[in-house]
>>> print(open('start14.cif').read())   # mmCIF, C-alpha atoms, pLDDT in the B column; chains and numbers go by the auth columns
data_data
#
loop_
_atom_site.group_PDB
_atom_site.id
_atom_site.type_symbol
_atom_site.label_atom_id
_atom_site.label_comp_id
_atom_site.label_asym_id
_atom_site.label_seq_id
_atom_site.Cartn_x
_atom_site.Cartn_y
_atom_site.Cartn_z
_atom_site.B_iso_or_equiv
_atom_site.auth_seq_id
_atom_site.auth_asym_id
ATOM 1 C CA MET A 1 -55.544 27.810 50.734 81.00 239 A
ATOM 2 C CA ARG A 2 -54.503 31.473 50.450 84.00 240 A
ATOM 3 C CA ALA A 3 -51.723 30.511 48.060 87.00 241 A
ATOM 4 C CA ALA A 4 -54.179 28.500 45.963 86.00 242 A
ATOM 5 C CA GLU A 5 -56.601 31.443 45.879 86.00 243 A
ATOM 6 C CA GLN A 6 -53.940 33.856 44.674 87.00 244 A
ATOM 7 C CA ALA A 7 -52.672 31.379 42.079 87.00 245 A
ATOM 8 C CA LEU A 8 -56.202 30.933 40.730 87.00 246 A
ATOM 9 C CA ILE A 9 -56.744 34.695 40.542 88.00 247 A
ATOM 10 C CA GLU A 10 -53.487 35.197 38.635 89.00 248 A
ATOM 11 C CA TYR A 11 -54.514 32.425 36.251 88.00 249 A
ATOM 12 C CA GLU A 12 -57.927 34.022 35.680 87.00 250 A
ATOM 13 C CA ILE A 13 -56.286 37.390 35.013 87.00 251 A
ATOM 14 C CA ALA A 14 -54.012 35.844 32.403 86.00 252 A
ATOM 15 C CA LEU A 15 -56.916 33.971 30.825 87.00 253 A
ATOM 16 C CA GLU A 16 -59.150 37.062 30.625 86.00 254 A
ATOM 17 C CA THR A 17 -56.281 39.094 29.157 85.00 255 A
ATOM 18 C CA PHE A 18 -55.731 36.494 26.454 85.00 256 A
ATOM 19 C CA ARG A 19 -59.474 36.209 25.800 85.00 257 A
ATOM 20 C CA VAL A 20 -59.728 39.949 25.187 84.00 258 A
ATOM 21 C CA GLU A 21 -56.714 39.805 22.862 83.00 259 A
ATOM 22 C CA VAL A 22 -58.267 36.928 20.908 84.00 260 A
ATOM 23 C CA GLU A 23 -61.620 38.701 20.670 84.00 261 A
ATOM 24 C CA ASN A 24 -60.090 41.958 19.440 82.00 262 A
ATOM 25 C CA PHE A 25 -57.761 40.197 17.009 81.00 263 A
ATOM 26 C CA SER A 26 -60.688 38.167 15.667 83.00 264 A
ATOM 27 C CA ARG A 27 -62.628 41.385 15.034 82.00 265 A
ATOM 28 C CA LEU A 28 -59.703 42.987 13.200 80.00 266 A
ATOM 29 C CA HIS A 29 -59.045 39.777 11.264 80.00 267 A
ATOM 30 C CA HIS A 30 -62.642 39.657 10.052 81.00 268 A
ATOM 31 C CA GLN A 31 -62.787 43.342 9.149 81.00 269 A
ATOM 32 C CA LYS A 32 -59.469 43.450 7.329 80.00 270 A
ATOM 33 C CA LEU A 33 -59.209 40.017 5.720 83.00 271 A
ATOM 34 C CA GLY A 34 -62.839 38.948 5.365 85.00 272 A
ATOM 35 C CA PRO A 35 -63.333 40.639 1.964 86.00 273 A
ATOM 36 C CA MET A 36 -60.176 38.972 0.625 87.00 274 A
ATOM 37 C CA TYR A 37 -61.336 35.515 1.670 86.00 275 A
ATOM 38 C CA ALA A 38 -64.710 36.208 0.055 87.00 276 A
ATOM 39 C CA ARG A 39 -62.964 37.296 -3.151 88.00 277 A
ATOM 40 C CA LEU A 40 -60.902 34.101 -3.216 90.00 278 A
ATOM 41 C CA ASP A 41 -64.036 31.965 -2.801 90.00 279 A
ATOM 42 C CA GLU A 42 -65.734 33.806 -5.657 90.00 280 A
ATOM 43 C CA LEU A 43 -62.711 33.391 -7.950 91.00 281 A
ATOM 44 C CA ASP A 44 -62.439 29.679 -7.104 92.00 282 A
ATOM 45 C CA ALA A 45 -66.117 29.256 -8.034 92.00 283 A
ATOM 46 C CA ARG A 46 -65.674 31.102 -11.328 92.00 284 A
ATOM 47 C CA ILE A 47 -62.564 29.099 -12.202 93.00 285 A
ATOM 48 C CA ALA A 48 -64.379 25.836 -11.496 93.00 286 A
ATOM 49 C CA GLU A 49 -67.355 26.963 -13.574 92.00 287 A
ATOM 50 C CA ALA A 50 -65.122 28.028 -16.460 92.00 288 A
ATOM 51 C CA THR A 51 -63.305 24.704 -16.337 92.00 289 A
ATOM 52 C CA ALA A 52 -66.586 22.764 -16.377 91.00 290 A
ATOM 53 C CA ALA A 53 -67.845 24.828 -19.320 91.00 291 A
ATOM 54 C CA ARG A 54 -64.735 24.043 -21.341 89.00 292 A
ATOM 55 C CA THR A 55 -64.488 20.327 -20.578 89.00 293 A
ATOM 56 C CA GLY A 56 -68.156 19.370 -20.275 90.00 294 A
ATOM 57 C CA ASP A 57 -67.036 16.750 -17.749 91.00 295 A
ATOM 58 C CA PRO A 58 -69.764 15.846 -15.196 91.00 296 A
ATOM 59 C CA GLU A 59 -67.120 15.620 -12.463 93.00 297 A
ATOM 60 C CA ASP A 60 -65.938 19.164 -13.240 90.00 298 A
ATOM 61 C CA ALA A 61 -69.565 20.292 -13.159 92.00 299 A
ATOM 62 C CA ARG A 62 -70.012 18.724 -9.720 93.00 300 A
ATOM 63 C CA LYS A 63 -66.867 20.470 -8.457 92.00 301 A
ATOM 64 C CA ALA A 64 -68.147 23.752 -9.862 91.00 302 A
ATOM 65 C CA GLU A 65 -71.430 23.358 -7.985 91.00 303 A
ATOM 66 C CA GLU A 66 -69.589 22.629 -4.753 91.00 304 A
ATOM 67 C CA ALA A 67 -67.322 25.652 -5.242 91.00 305 A
ATOM 68 C CA ARG A 68 -70.310 27.900 -5.900 88.00 306 A
ATOM 69 C CA ALA A 69 -72.071 26.553 -2.793 87.00 307 A
ATOM 70 C CA ARG A 70 -69.097 27.620 -0.676 83.00 308 A
ATOM 71 C CA VAL A 71 -69.485 31.230 -1.776 84.00 309 A
ATOM 72 C CA MET A 72 -71.514 33.231 0.732 59.00 310 A
ATOM 73 C CA PRO A 73 -74.801 34.408 -0.823 58.00 311 A
ATOM 74 C CA MET A 74 -75.456 38.092 -1.377 47.00 312 A
ATOM 75 C CA PRO A 75 -76.962 39.465 1.865 46.00 313 A
ATOM 76 C CA GLY A 76 -80.382 41.027 1.892 47.00 314 A
ATOM 77 C CA VAL A 77 -80.932 44.691 2.589 43.00 315 A
ATOM 78 C CA GLU A 78 -81.664 44.243 6.299 44.00 316 A
ATOM 79 C CA GLU A 79 -78.655 42.008 6.810 45.00 317 A
ATOM 80 C CA LEU A 80 -76.457 44.288 4.734 41.00 318 A
ATOM 81 C CA PHE A 81 -77.200 47.296 6.913 44.00 319 A
ATOM 82 C CA HIS A 82 -77.251 45.469 10.224 47.00 320 A
ATOM 83 C CA GLY A 83 -74.839 47.366 12.456 48.00 321 A
ATOM 84 C CA TRP A 84 -74.459 50.173 9.890 45.00 322 A
ATOM 85 C CA MET A 85 -77.466 52.316 10.745 47.00 323 A
ATOM 86 C CA ASP A 86 -79.784 53.212 13.590 48.00 324 A
ATOM 87 C CA ASP A 87 -82.844 55.399 14.126 48.00 325 A
ATOM 88 C CA GLU A 88 -80.844 58.475 13.176 52.00 326 A
ATOM 89 C CA GLY A 89 -79.662 57.031 9.868 54.00 327 A
ATOM 90 C CA LEU A 90 -76.432 55.593 8.486 47.00 328 A
ATOM 91 C CA TYR A 91 -73.246 55.494 10.478 52.00 329 A
ATOM 92 C CA PRO A 92 -70.352 57.551 9.026 56.00 330 A
ATOM 93 C CA GLU A 93 -68.569 54.413 7.758 51.00 331 A
ATOM 94 C CA ALA A 94 -71.641 53.257 5.829 50.00 332 A
ATOM 95 C CA ALA A 95 -72.250 56.716 4.362 54.00 333 A
ATOM 96 C CA ALA A 96 -68.639 56.856 3.226 55.00 334 A
ATOM 97 C CA MET A 97 -68.938 53.492 1.457 46.00 335 A
ATOM 98 C CA LEU A 98 -72.130 54.486 -0.366 48.00 336 A
ATOM 99 C CA THR A 99 -70.636 57.803 -1.522 52.00 337 A
ATOM 100 C CA ASP A 100 -67.311 56.269 -2.629 51.00 338 A
ATOM 101 C CA GLN A 101 -65.414 58.113 0.062 55.00 339 A
ATOM 102 C CA SER A 102 -62.489 56.632 1.903 54.00 340 A
ATOM 103 C CA VAL A 103 -63.446 54.467 4.847 47.00 341 A
ATOM 104 C CA ARG A 104 -61.364 54.686 7.961 51.00 342 A
ATOM 105 C CA PRO A 105 -59.507 51.462 8.791 49.00 343 A
ATOM 106 C CA PRO A 106 -60.814 49.125 11.494 46.00 344 A
ATOM 107 C CA GLN A 107 -60.395 50.579 14.942 50.00 345 A
ATOM 108 C CA ARG A 108 -57.602 48.939 16.884 50.00 346 A
ATOM 109 C CA VAL A 109 -59.109 47.955 20.205 53.00 347 A
ATOM 110 C CA ARG A 110 -56.282 46.670 22.368 66.00 348 A
ATOM 111 C CA PRO A 111 -55.910 47.724 26.018 74.00 349 A
ATOM 112 C CA GLY A 112 -52.821 49.800 26.684 78.00 350 A
ATOM 113 C CA GLU A 113 -50.188 49.006 29.285 83.00 351 A
ATOM 114 C CA GLU A 114 -51.747 51.305 31.904 87.00 352 A
ATOM 115 C CA ALA A 115 -55.167 49.729 31.338 86.00 353 A
ATOM 116 C CA ARG A 116 -53.609 46.283 31.782 86.00 354 A
ATOM 117 C CA LYS A 117 -51.984 47.402 35.029 89.00 355 A
ATOM 118 C CA LEU A 118 -55.228 48.845 36.400 89.00 356 A
ATOM 119 C CA TYR A 119 -57.151 45.720 35.392 89.00 357 A
ATOM 120 C CA ARG A 120 -54.705 43.386 37.121 89.00 358 A
ATOM 121 C CA GLU A 121 -54.766 45.459 40.306 90.00 359 A
ATOM 122 C CA LEU A 122 -58.572 45.526 40.400 90.00 360 A
ATOM 123 C CA ALA A 123 -58.863 41.820 39.645 88.00 361 A
ATOM 124 C CA ARG A 124 -56.483 40.966 42.479 88.00 362 A
ATOM 125 C CA LYS A 125 -58.299 43.188 44.979 89.00 363 A
ATOM 126 C CA ALA A 126 -61.940 42.583 44.073 89.00 364 A
ATOM 127 C CA HIS A 127 -61.939 39.042 42.735 88.00 365 A
ATOM 128 C CA PRO A 128 -65.065 37.071 43.765 87.00 366 A
ATOM 129 C CA ASP A 129 -62.964 34.074 44.803 84.00 367 A
ATOM 130 C CA LEU A 130 -61.750 36.076 47.803 85.00 368 A
ATOM 131 C CA ALA A 131 -65.287 36.345 49.226 84.00 369 A
ATOM 132 C CA GLN A 132 -66.310 34.082 52.062 80.00 370 A
ATOM 133 C CA GLU A 133 -69.997 35.074 52.150 82.00 371 A
ATOM 134 C CA GLU A 134 -72.546 34.841 49.352 83.00 372 A
ATOM 135 C CA GLY A 135 -73.547 38.504 49.624 82.00 373 A
ATOM 136 C CA GLU A 136 -69.950 39.656 49.312 85.00 374 A
ATOM 137 C CA ARG A 137 -69.342 37.285 46.412 87.00 375 A
ATOM 138 C CA GLN A 138 -72.310 38.724 44.532 87.00 376 A
ATOM 139 C CA ARG A 139 -71.079 42.280 45.126 88.00 377 A
ATOM 140 C CA ARG A 140 -67.647 41.383 43.824 90.00 378 A
ATOM 141 C CA GLU A 141 -69.013 39.523 40.796 90.00 379 A
ATOM 142 C CA GLU A 142 -71.088 42.524 39.764 89.00 380 A
ATOM 143 C CA PHE A 143 -68.111 44.828 40.194 91.00 381 A
ATOM 144 C CA ILE A 144 -65.714 42.559 38.262 90.00 382 A
ATOM 145 C CA THR A 145 -68.243 42.351 35.430 89.00 383 A
ATOM 146 C CA ARG A 146 -67.975 46.127 35.067 89.00 384 A
ATOM 147 C CA VAL A 147 -64.189 45.914 35.267 90.00 385 A
ATOM 148 C CA ASN A 148 -64.041 43.269 32.528 88.00 386 A
ATOM 149 C CA ALA A 149 -66.289 45.332 30.255 86.00 387 A
ATOM 150 C CA ALA A 150 -64.121 48.429 30.700 87.00 388 A
ATOM 151 C CA TYR A 151 -60.953 46.425 30.076 87.00 389 A
ATOM 152 C CA ALA A 152 -62.375 44.851 26.917 82.00 390 A
ATOM 153 C CA ARG A 153 -62.933 48.371 25.548 81.00 391 A
ATOM 154 C CA GLY A 154 -59.517 49.544 26.666 82.00 392 A
ATOM 155 C CA ASP A 155 -61.247 52.298 28.693 85.00 393 A
ATOM 156 C CA GLU A 156 -58.406 53.463 30.930 88.00 394 A
ATOM 157 C CA ALA A 157 -60.382 56.379 32.400 88.00 395 A
ATOM 158 C CA LEU A 158 -63.251 54.135 33.491 89.00 396 A
ATOM 159 C CA LEU A 159 -60.818 51.649 35.017 91.00 397 A
ATOM 160 C CA ARG A 160 -59.373 54.492 37.098 90.00 398 A
ATOM 161 C CA GLU A 161 -62.856 55.429 38.269 90.00 399 A
ATOM 162 C CA LEU A 162 -63.584 51.833 39.181 90.00 400 A
ATOM 163 C CA SER A 163 -60.309 51.657 41.102 91.00 401 A
ATOM 164 C CA GLU A 164 -61.291 54.729 43.123 90.00 402 A
ATOM 165 C CA GLU A 165 -64.780 53.308 43.658 89.00 403 A
ATOM 166 C CA TRP A 166 -63.417 50.071 45.057 90.00 404 A
ATOM 167 C CA ALA A 167 -60.960 51.881 47.291 87.00 405 A
ATOM 168 C CA ALA A 168 -63.768 53.983 48.751 82.00 406 A
ATOM 169 C CA GLY A 169 -66.161 51.066 49.173 72.00 407 A
ATOM 170 C CA PRO A 170 -66.646 48.828 52.189 63.00 408 A
ATOM 171 C CA VAL A 171 -63.717 46.576 52.981 49.00 409 A
ATOM 172 C CA PRO A 172 -64.990 43.092 53.855 51.00 410 A
ATOM 173 C CA GLU A 173 -63.795 41.671 57.140 52.00 411 A
ATOM 174 C CA GLU A 174 -61.511 38.744 56.605 53.00 412 A
ATOM 175 C CA GLN A 175 -62.879 35.647 58.268 52.00 413 A
ATOM 176 C CA ARG A 176 -60.447 33.196 59.731 54.00 414 A
ATOM 177 C CA LEU A 177 -61.311 29.613 58.810 50.00 415 A
ATOM 178 C CA THR A 178 -60.517 27.286 61.661 58.00 416 A
ATOM 179 C CA ARG A 179 -62.198 24.004 60.754 71.00 417 A
ATOM 180 C CA SER A 180 -60.153 21.676 58.556 80.00 418 A
ATOM 181 C CA GLU A 181 -63.313 20.484 56.795 77.00 419 A
ATOM 182 C CA GLU A 182 -63.967 24.011 55.553 78.00 420 A
ATOM 183 C CA LEU A 183 -60.389 24.345 54.340 81.00 421 A
ATOM 184 C CA TYR A 184 -60.533 21.079 52.426 80.00 422 A
ATOM 185 C CA ALA A 185 -63.882 22.036 50.857 81.00 423 A
ATOM 186 C CA ARG A 186 -62.444 25.383 49.813 81.00 424 A
ATOM 187 C CA LEU A 187 -59.369 23.787 48.275 84.00 425 A
ATOM 188 C CA GLU A 188 -61.536 21.291 46.406 85.00 426 A
ATOM 189 C CA TRP A 189 -63.632 24.121 44.954 85.00 427 A
ATOM 190 C CA LEU A 190 -60.489 25.981 43.884 86.00 428 A
ATOM 191 C CA ALA A 191 -59.169 22.855 42.173 87.00 429 A
ATOM 192 C CA GLN A 192 -62.420 22.361 40.275 87.00 430 A
ATOM 193 C CA ARG A 193 -62.406 26.014 39.221 86.00 431 A
ATOM 194 C CA LYS A 194 -58.827 25.660 37.968 88.00 432 A
ATOM 195 C CA GLU A 195 -59.789 22.611 35.897 89.00 433 A
ATOM 196 C CA LEU A 196 -62.635 24.551 34.269 87.00 434 A
ATOM 197 C CA LEU A 197 -60.358 27.483 33.458 88.00 435 A
ATOM 198 C CA THR A 198 -57.766 25.112 32.013 90.00 436 A
ATOM 199 C CA VAL A 199 -60.365 23.776 29.579 89.00 437 A
ATOM 200 C CA LEU A 200 -61.338 27.304 28.549 87.00 438 A
ATOM 201 C CA ALA A 201 -57.697 28.304 28.104 88.00 439 A
ATOM 202 C CA LYS A 202 -57.031 25.260 25.933 88.00 440 A
ATOM 203 C CA GLU A 203 -60.009 26.093 23.711 88.00 441 A
ATOM 204 C CA LEU A 204 -58.706 29.636 23.222 86.00 442 A
ATOM 205 C CA GLU A 205 -55.154 28.522 22.516 85.00 443 A
ATOM 206 C CA GLU A 206 -56.226 25.841 20.043 86.00 444 A
ATOM 207 C CA SER A 207 -58.624 28.112 18.156 87.00 445 A
ATOM 208 C CA ALA A 208 -57.522 29.407 14.766 83.00 446 A
ATOM 209 C CA ILE A 209 -57.385 33.003 15.968 83.00 447 A
ATOM 210 C CA GLY A 210 -55.623 32.051 19.186 85.00 448 A
ATOM 211 C CA GLY A 211 -52.970 30.149 17.252 83.00 449 A
ATOM 212 C CA MET A 212 -52.407 33.105 14.943 81.00 450 A
ATOM 213 C CA LEU A 213 -52.176 35.521 17.861 80.00 451 A
ATOM 214 C CA ARG A 214 -49.534 33.401 19.576 79.00 452 A
ATOM 215 C CA LEU A 215 -47.331 33.809 16.482 78.00 453 A
ATOM 216 C CA ALA A 216 -47.049 37.555 17.081 75.00 454 A
ATOM 217 C CA PRO A 217 -48.374 38.440 20.549 73.00 455 A
ATOM 218 C CA ASP A 218 -46.523 41.778 20.675 76.00 456 A
ATOM 219 C CA ASP A 219 -47.354 42.987 17.156 78.00 457 A
ATOM 220 C CA PRO A 220 -50.496 41.317 15.755 78.00 458 A
ATOM 221 C CA ASP A 221 -51.094 44.184 13.321 79.00 459 A
ATOM 222 C CA THR A 222 -47.935 43.280 11.424 84.00 460 A
ATOM 223 C CA LEU A 223 -49.104 39.670 11.236 81.00 461 A
ATOM 224 C CA LEU A 224 -52.398 40.826 9.694 84.00 462 A
ATOM 225 C CA ASP A 225 -50.481 42.857 7.112 86.00 463 A
ATOM 226 C CA GLU A 226 -48.373 39.814 6.192 86.00 464 A
ATOM 227 C CA ILE A 227 -51.447 37.614 5.805 86.00 465 A
ATOM 228 C CA ALA A 228 -53.111 40.337 3.709 87.00 466 A
ATOM 229 C CA GLU A 229 -50.117 40.390 1.356 89.00 467 A
ATOM 230 C CA GLN A 230 -50.295 36.617 0.941 90.00 468 A
ATOM 231 C CA LEU A 231 -54.017 36.754 0.212 88.00 469 A
ATOM 232 C CA LEU A 232 -53.548 39.530 -2.332 89.00 470 A
ATOM 233 C CA ALA A 233 -50.959 37.391 -4.107 91.00 471 A
ATOM 234 C CA GLN A 234 -53.398 34.469 -4.157 92.00 472 A
ATOM 235 C CA VAL A 235 -56.123 36.725 -5.544 90.00 473 A
ATOM 236 C CA ALA A 236 -53.796 37.869 -8.333 91.00 474 A
ATOM 237 C CA GLU A 237 -52.974 34.248 -9.209 92.00 475 A
ATOM 238 C CA ARG A 238 -56.660 33.269 -9.296 90.00 476 A
ATOM 239 C CA GLU A 239 -57.546 36.267 -11.464 91.00 477 A
ATOM 240 C CA ALA A 240 -54.785 35.396 -13.930 92.00 478 A
ATOM 241 C CA GLU A 241 -55.976 31.797 -14.095 91.00 479 A
ATOM 242 C CA LEU A 242 -59.580 32.873 -14.633 90.00 480 A
ATOM 243 C CA GLU A 243 -58.547 35.227 -17.411 91.00 481 A
ATOM 244 C CA ARG A 244 -56.646 32.407 -19.109 90.00 482 A
ATOM 245 C CA LEU A 245 -59.659 30.079 -18.920 87.00 483 A
ATOM 246 C CA THR A 246 -62.120 32.647 -20.234 86.00 484 A
ATOM 247 C CA ALA A 247 -59.899 34.146 -22.942 80.00 485 A
#
>>> encode(input="start14.cif", output="C-alpha cells")
Amino acid sequence: MRAAEQALIEYEIALETFRVEVENFSRLHHQKLGPMYARLDELDARIAEATAARTGDPEDARKAEEARARVMPMPGVEELFHGWMDDEGLYPEAAAMLTDQSVRPPQRVRPGEEARKLYRELARKAHPDLAQEEGERQRREEFITRVNAAYARGDEALLRELSEEWAAGPVPEEQRLTRSEELYARLEWLAQRKELLTVLAKELEESAIGGMLRLAPDDPDTLLDEIAEQLLAQVAEREAELERLTA
C-alpha cells in the first residue's frame, strides 16, 4: 500500500507539472500567435469574397459567406478592454497600444528548476493521499492548493515560505493499519484515483497544445518562433493572392 501511495503521488506530481506547462504554453501561444491566426482568417474571407465578386458563381458566394462567418467579429468596448483596465485606469500594456508605443512581449511564466524541486518536495511531504484521517486530509488539501497556485506562478520565494511553514507545522502521527479489509479498501481507492488521473493525463497529452508542447518540451519558445515564421509566410501568400484578385 505504501508503494502504491508513493507511486500515485509521483504520478500526480508529473501530471500537475505537465498541466502547468500546457497552461502556460497555451497562454503564450494565444498571445503571440492569436493575431496571426485572426489575420489569416480575415485574408481568407477577403479572398473568397473577391473570388465570388469576379465569378458571380452562387457556390463561390456561399463559400465567401462561410469564410466571413469564421472570422471573429469585432469585439465591443467592454470586451475589448476586459483584462486591460481596472478602477485605476488602463494597464501599462493597454496604454502603450493606444499611444503607439512598443508593447512588451508576453511574459514567460514557466517555473524554474529550483521551483520545480521545491514543488516536488512539498508534494511528496504534504500530499493529501498520505492522510489517514479526514481532518488531516482537509488540512493537507488546503495546503497543497496553495502550493499548486505558487508553482503555477513560478513563485520560488513563496514555495520556500510554504516549505518552512510545513516543516514547522504539526507532524501527523502515522497510523499503522492492521486489518486486511482496510488495506484492500485503501488499495482500491488508490487504483480508482490512478484511473482518474490517467484519463486527465490522456486529455492533456491529446490536446492540441499538449501535442505541440511534447514536440519541444525543453524549448517551447523556439517552437513558437518557428510556428510564427510559418504563419507569417502564409500571411504573405494570402496577401499576394488577394492583391492579384483585386488588381
>>> residues_around(input="start14.cif", residues="Ala291 of chain A", least_positions_apart="4", cutoff="12 Å", atoms="only C-alpha atoms", output="list in words")
Arg284, Ile285, Ala286, Glu287, Asp295, Pro296, Glu297, Asp298, Ala299, Arg300, Lys301, Ala302, Glu303, Leu483 and Thr484 of chain A
>>> residues_near_point(input="start14.cif", point="(-55.7, 48.3, 33.7)", cutoff="10 Å", atoms="all atoms listed in the file", output="tab-separated table (two decimals) with C-alpha atoms, keeping the file's coordinate frame")
chain	number	residue	atom	x	y	z
A	349	PRO	CA	-55.91	47.72	26.02
A	350	GLY	CA	-52.82	49.80	26.68
A	351	GLU	CA	-50.19	49.01	29.28
A	352	GLU	CA	-51.75	51.30	31.90
A	353	ALA	CA	-55.17	49.73	31.34
A	354	ARG	CA	-53.61	46.28	31.78
A	355	LYS	CA	-51.98	47.40	35.03
A	356	LEU	CA	-55.23	48.84	36.40
A	357	TYR	CA	-57.15	45.72	35.39
A	358	ARG	CA	-54.70	43.39	37.12
A	359	GLU	CA	-54.77	45.46	40.31
A	360	LEU	CA	-58.57	45.53	40.40
A	361	ALA	CA	-58.86	41.82	39.65
A	385	VAL	CA	-64.19	45.91	35.27
A	386	ASN	CA	-64.04	43.27	32.53
A	388	ALA	CA	-64.12	48.43	30.70
A	389	TYR	CA	-60.95	46.42	30.08
A	392	GLY	CA	-59.52	49.54	26.67
A	393	ASP	CA	-61.25	52.30	28.69
A	394	GLU	CA	-58.41	53.46	30.93
A	395	ALA	CA	-60.38	56.38	32.40
A	396	LEU	CA	-63.25	54.14	33.49
A	397	LEU	CA	-60.82	51.65	35.02
A	398	ARG	CA	-59.37	54.49	37.10
A	401	SER	CA	-60.31	51.66	41.10
>>> residues_around(input="start14.cif", residues="Ile465 of chain A", least_positions_apart="5", cutoff="12 Å", atoms="only C-alpha atoms", output="list in words")
His267, Lys270, Leu271, Gly272, Met274, Tyr275, Met450, Pro458, Asp459, Thr460, Leu470, Ala471 and Gln472 of chain A
>>> atom_distance(input="start14.cif", atom1="atom CA of Arg257 of chain A", atom2="atom CA of Leu442 of chain A")
7.1 Å
>>> resolve_selection(input="start14.cif", expression="the PyMOL selection byres ((chain A and resi 365) around 12)", output="PyMOL selection string")
chain A and resi 243-244+246-251+357-364+366-370+374-383+385-386+404
>>> closest_residue(input="start14.cif", among="A:Phe256, A:Glu444, A:Asp279, A:Arg240", to="Glu477 of chain A", atoms="only C-alpha atoms")
A:Asp279
>>> atom_distance(input="start14.cif", atom1="atom CA of Leu438 of chain A", atom2="atom CA of Ser264 of chain A")
16.9 Å
>>> atom_distance(input="start14.cif", atom1="atom CA of Val258 of chain A", atom2="atom CA of Ala387 of chain A")
9.9 Å
>>> closest_residue(input="start14.cif", among="A:Ser445, A:Ala466, A:Ala283, A:Ser418", to="Gln269 of chain A", atoms="all atoms listed in the file")
A:Ala466
>>> axis_aligned_box(input="start14.cif", around="segment 287-297 of chain A", padding_each_side="6 Å", output="lines of an AutoDock Vina configuration file")
center_x = -66.5
center_y = 21.8
center_z = -16.9
size_x = 18.5
size_y = 24.4
size_z = 20.9
>>> closest_residue(input="start14.cif", among="A:Ala485, A:Asp457, A:Leu428, A:Glu441", to="Met239 of chain A", atoms="all atoms listed in the file")
A:Leu428
>>> closest_residue(input="start14.cif", among="A:Ala245, A:Glu464, A:Glu479, A:Glu443", to="Ala429 of chain A", atoms="only C-alpha atoms")
A:Ala245
>>> closest_residue(input="start14.cif", among="A:Ala390, A:Ala439, A:Ala405, A:Leu453", to="Asn262 of chain A", atoms="all atoms listed in the file")
A:Ala390
>>> build_atoms(input="start14.cif", residues="segment 367-378 of chain A", atoms="N, CA, C and O atoms", output="short mmCIF file (atom, residue, chain, number, x, y, z; two decimals), in the frame of the given file")
data_model
loop_
_atom_site.label_atom_id
_atom_site.label_comp_id
_atom_site.auth_asym_id
_atom_site.auth_seq_id
_atom_site.Cartn_x
_atom_site.Cartn_y
_atom_site.Cartn_z
N ASP A 367 -63.47 35.25 44.10
CA ASP A 367 -62.96 34.07 44.80
C ASP A 367 -62.43 34.41 46.19
O ASP A 367 -62.18 33.50 46.99
N LEU A 368 -62.23 35.69 46.48
CA LEU A 368 -61.75 36.08 47.80
C LEU A 368 -62.89 36.23 48.81
O LEU A 368 -62.65 36.41 49.99
N ALA A 369 -64.14 36.17 48.34
CA ALA A 369 -65.29 36.34 49.23
C ALA A 369 -65.56 35.06 49.99
O ALA A 369 -65.44 33.96 49.46
N GLN A 370 -65.96 35.23 51.24
CA GLN A 370 -66.31 34.08 52.06
C GLN A 370 -67.82 33.99 52.30
O GLN A 370 -68.31 32.97 52.76
N GLU A 371 -68.55 35.06 51.99
CA GLU A 371 -70.00 35.07 52.15
C GLU A 371 -70.66 35.29 50.80
O GLU A 371 -70.10 35.95 49.91
N GLU A 372 -71.85 34.77 50.63
CA GLU A 372 -72.55 34.84 49.35
C GLU A 372 -72.85 36.28 48.95
O GLU A 372 -72.73 36.65 47.79
N GLY A 373 -73.25 37.11 49.94
CA GLY A 373 -73.55 38.50 49.62
C GLY A 373 -72.33 39.25 49.11
O GLY A 373 -72.40 40.02 48.15
N GLU A 374 -71.19 39.01 49.75
CA GLU A 374 -69.95 39.66 49.31
C GLU A 374 -69.51 39.14 47.96
O GLU A 374 -69.00 39.89 47.12
N ARG A 375 -69.70 37.85 47.72
CA ARG A 375 -69.34 37.28 46.41
C ARG A 375 -70.17 37.94 45.31
O ARG A 375 -69.63 38.28 44.24
N GLN A 376 -71.46 38.10 45.55
CA GLN A 376 -72.31 38.72 44.53
C GLN A 376 -71.87 40.16 44.25
O GLN A 376 -71.84 40.59 43.10
N ARG A 377 -71.53 40.90 45.32
CA ARG A 377 -71.08 42.28 45.13
C ARG A 377 -69.81 42.33 44.29
O ARG A 377 -69.67 43.15 43.38
N ARG A 378 -68.90 41.42 44.57
CA ARG A 378 -67.65 41.38 43.82
C ARG A 378 -67.87 40.95 42.37
O ARG A 378 -67.23 41.47 41.45
#
